[in-house]
Amino acid sequence: MHLNEASHDQLLRWEQDLAHRYADLQAAKLNLDLTRGKPSGSQLALSNGLDGILHGDYMAPDGTDTRNYGGLDGLPELKAVFAQVLGVQPDETLVGGNSSLTLMHQVLTFAHFFGLRRPDDAWAREGQARFIAVVPGYDRHFAICEHLGIHMIPVAMRGDGPDMDEVERLVAADRSIKGIWCVPRFSNPSGEVYSDEVVERIAKLGQIAAPNFLIMWDNAYALHALADDAPQLASLMAACRRHGTEHSAIIFGSTSKVTFAGAGVAFIGASRANLAAFRRHLNIATIGPDKVNQLRHLRFLPDLAALEAQMHKQAELLKPRFQLVLEHLRTGLAGTGMGDWTEPKGGYFISFNTLPGLATEVVRLAADAGVKLTPAGATWPYGKDPENTNIRLAPSFPSLEEIDRAMQMFVVCVQLASVRQKLQMRS
Ligand code: PMP
């Protein structure tokens, strides 16, 4: 039944019935976690072949002894593979350590305090820096800005990427806006893939924004399609080249959700000038990355075909988990007016919107019944979702059985919170 069509008596009976079901589920003393987007054990096991793959041969194809210091840029052969994923040239690629988030933190730290290419470009010299945060978005991006004291301005996500009219209006009017966070394919958490038109408009921002403006293009889910008809993403760098704005694009990726989440390799794609500048800063922080792990990855994933085969296996493990979450949402909530959700064709998340004002209550009800959800507000800068609606569901880590029980509980929590709110509004 649709919430708005229920009479007062029906709502009362509904509430009682749901409260019973909630208590029954609570008595089962669940201990389930739908919070972080971590690969499951079986996904990680797909890459166990990394262990021992070197067989004592530590020499890279170009003769580099990977055990030794040096090679700030990473192995050239690995650059050649991942340049194709980033949509840049191999000499526009740097292979780093195990985390793209670290590379993002470093790029912003260098740009803020030292100026990425020139000291005069340092954002901190110009006073308060601002950044566009596409919402809902990734909490760790927002945490980096907060850490550096960069003020975030939320801009809404549409079906095909950020609201570009708003982004263009903001950056043209305010030179203190120094960048934008984007997760352009299978956005975290809402799963959108930016359309070709949006990529083109983002590439043009460099023409209207402050000269030291950066597009933080976090393509973490570049390879993470769950459906054969998942949309492709246009190359940002190619678009920037057409518009003469390639110095504004910094592209990131990693194998965190391709091989091992804690022991993969991360990448940056950027213009040659930006990469040279980044290396100058990075050289102060490290003598070089873990090339032994890079060589393992090169042997394990020597080309794009090997990467695609690996991602196909990943998708086979993820698909049933996503389907099960969606099945619960459709069966329990479709047509009830109690919320809406995304049905992504890839990535790691499903984004759920409760009725206004209820996300915190749903998360609380679930927590009290042993189901941990991502804190309400986490997908917004400063943890403040003004409408208090968005909840990020991460189905990758739990087993199918755990998802089944957690989603039963989630649906009951959404229903209970919605019915109680309706009763309160009517009284
Ligand atoms: N970017 C996004 C959008 C993510 O969702 C994640 C992982 N949750 C990361 C970056 C982290 O990447 P890494 O492991 O390479 O630091």
# chains A, B, ... in the order shown; residues from 1 in each chain; ligands from 1
>>> residues_near_ligand(ligand="ligand 1", cutoff="10 Å", atoms="only C-alpha atoms and all ligand atoms", output="PyMOL selection string")
chain A and resi 36-39+96-105+137-141+181-189+217-221+252-257+260-267+347-349+394
>>> select_by_dssp(residues="region 32-140 of chain A", states="alpha helix (DSSP H)", output="list of chain:residue names")
A:Gly41, A:Ser42, A:Gln43, A:Leu44, A:Ala45, A:Pro76, A:Glu77, A:Leu78, A:Lys79, A:Ala80, A:Val81, A:Phe82, A:Ala83, A:Gln84, A:Val85, A:Leu86, A:Ser100, A:Leu101, A:Thr102, A:Leu103, A:Met104, A:His105, A:Gln106, A:Val107, A:Leu108, A:Thr109, A:Asp139, A:Arg140
>>> select_by_dssp(residues="region 58-306 of chain A", states="strand (DSSP E)", output="JSON, numbers by chain")
{"A": [93, 94, 95, 130, 131, 132, 133, 134, 135, 151, 152, 153, 154, 155, 156, 157, 158, 161, 162, 177, 178, 179, 180, 181, 182, 214, 215, 216, 217, 218, 249, 250, 251, 252, 253, 254, 266, 267, 268, 269, 270]}
>>> closest_residue(among="A:Leu78, A:Ile153, A:Ala249, A:Leu423", to="Arg272 (chain A)", atoms="only C-alpha atoms")
A:Ala249
>>> residues_around(residues="region 51-61 of chain A", least_positions_apart="4", cutoff="8 Å", atoms="only C-alpha atoms", output="PyMOL selection string")
chain A and resi 65-67+75+77+292+295-296+299-300
>>> closest_residue(among="A:Cys145, A:Val171, A:Ala239, A:Met407", to="Ala203 (chain A)", atoms="only C-alpha atoms")
A:Ala239
>>> residues_around(residues="Leu324 (chain A)", least_positions_apart="2", cutoff="9 Å", atoms="only C-alpha atoms", output="PyMOL selection string")
chain A and resi 319-322+326-329+395+400+403-404+407
>>> write_last_selection(atoms="N, CA and C atoms", output="PDB file, in the first residue's frame")
ATOM      1  N   LYS A 319      27.499  -9.508  -8.777  1.00  0.00           N
ATOM      2  CA  LYS A 319      26.136  -9.382  -9.334  1.00  0.00           C
ATOM      3  C   LYS A 319      25.046  -9.957  -8.425  1.00  0.00           C
ATOM      4  N   PRO A 320      25.182 -11.212  -7.953  1.00  0.00           N
ATOM      5  CA  PRO A 320      24.083 -11.743  -7.115  1.00  0.00           C
ATOM      6  C   PRO A 320      23.861 -10.936  -5.849  1.00  0.00           C
ATOM      7  N   ARG A 321      24.909 -10.330  -5.328  1.00  0.00           N
ATOM      8  CA  ARG A 321      24.757  -9.519  -4.111  1.00  0.00           C
ATOM      9  C   ARG A 321      23.930  -8.267  -4.410  1.00  0.00           C
ATOM     10  N   PHE A 322      24.237  -7.611  -5.518  1.00  0.00           N
ATOM     11  CA  PHE A 322      23.462  -6.426  -5.901  1.00  0.00           C
ATOM     12  C   PHE A 322      22.008  -6.818  -6.184  1.00  0.00           C
ATOM     13  N   LEU A 326      18.578  -5.381  -4.371  1.00  0.00           N
ATOM     14  CA  LEU A 326      17.521  -4.744  -5.176  1.00  0.00           C
ATOM     15  C   LEU A 326      16.198  -5.496  -5.056  1.00  0.00           C
ATOM     16  N   GLU A 327      16.295  -6.814  -4.995  1.00  0.00           N
ATOM     17  CA  GLU A 327      15.075  -7.626  -4.829  1.00  0.00           C
ATOM     18  C   GLU A 327      14.341  -7.239  -3.541  1.00  0.00           C
ATOM     19  N   HIS A 328      15.099  -7.105  -2.447  1.00  0.00           N
ATOM     20  CA  HIS A 328      14.477  -6.725  -1.174  1.00  0.00           C
ATOM     21  C   HIS A 328      13.842  -5.337  -1.280  1.00  0.00           C
ATOM     22  N   LEU A 329      14.550  -4.406  -1.924  1.00  0.00           N
ATOM     23  CA  LEU A 329      14.021  -3.040  -2.025  1.00  0.00           C
ATOM     24  C   LEU A 329      12.742  -3.036  -2.861  1.00  0.00           C
ATOM     25  N   PRO A 395      26.960  -3.701  -0.757  1.00  0.00           N
ATOM     26  CA  PRO A 395      26.680  -5.142  -0.667  1.00  0.00           C
ATOM     27  C   PRO A 395      27.863  -6.064  -0.951  1.00  0.00           C
ATOM     28  N   LEU A 400      25.785 -13.749   0.856  1.00  0.00           N
ATOM     29  CA  LEU A 400      24.399 -13.614   0.393  1.00  0.00           C
ATOM     30  C   LEU A 400      23.416 -13.824   1.549  1.00  0.00           C
ATOM     31  N   ILE A 403      23.410 -10.691   3.609  1.00  0.00           N
ATOM     32  CA  ILE A 403      22.689  -9.604   2.919  1.00  0.00           C
ATOM     33  C   ILE A 403      21.184  -9.826   3.045  1.00  0.00           C
ATOM     34  N   ASP A 404      20.786 -11.085   2.884  1.00  0.00           N
ATOM     35  CA  ASP A 404      19.365 -11.415   2.961  1.00  0.00           C
ATOM     36  C   ASP A 404      18.787 -10.960   4.310  1.00  0.00           C
ATOM     37  N   MET A 407      19.022  -7.040   4.756  1.00  0.00           N
ATOM     38  CA  MET A 407      18.068  -6.280   3.947  1.00  0.00           C
ATOM     39  C   MET A 407      16.627  -6.460   4.436  1.00  0.00           C
TER      40      MET A 407
END
>>> residues_around(residues="Ala277 (chain A)", least_positions_apart="4", cutoff="7 Å", atoms="only C-alpha atoms", output="list in words")
Leu116, Arg117, Ala273 and His281 of chain A
>>> closest_residue(among="A:Asp340, A:Asp174, A:Glu361, A:Asp9", to="Ser190 (chain A)", atoms="only C-alpha atoms")
A:Asp340
>>> closest_residue(among="A:Lys204, A:Leu50, A:Ser235, A:Leu358", to="Asn390 (chain A)", atoms="only C-alpha atoms")
A:Leu358
>>> residues_around(residues="Pro119 (chain A)", least_positions_apart="6", cutoff="12 Å", atoms="only C-alpha atoms", output="number ranges by chain")
A: 110-113, 125-126, 212, 277, 281
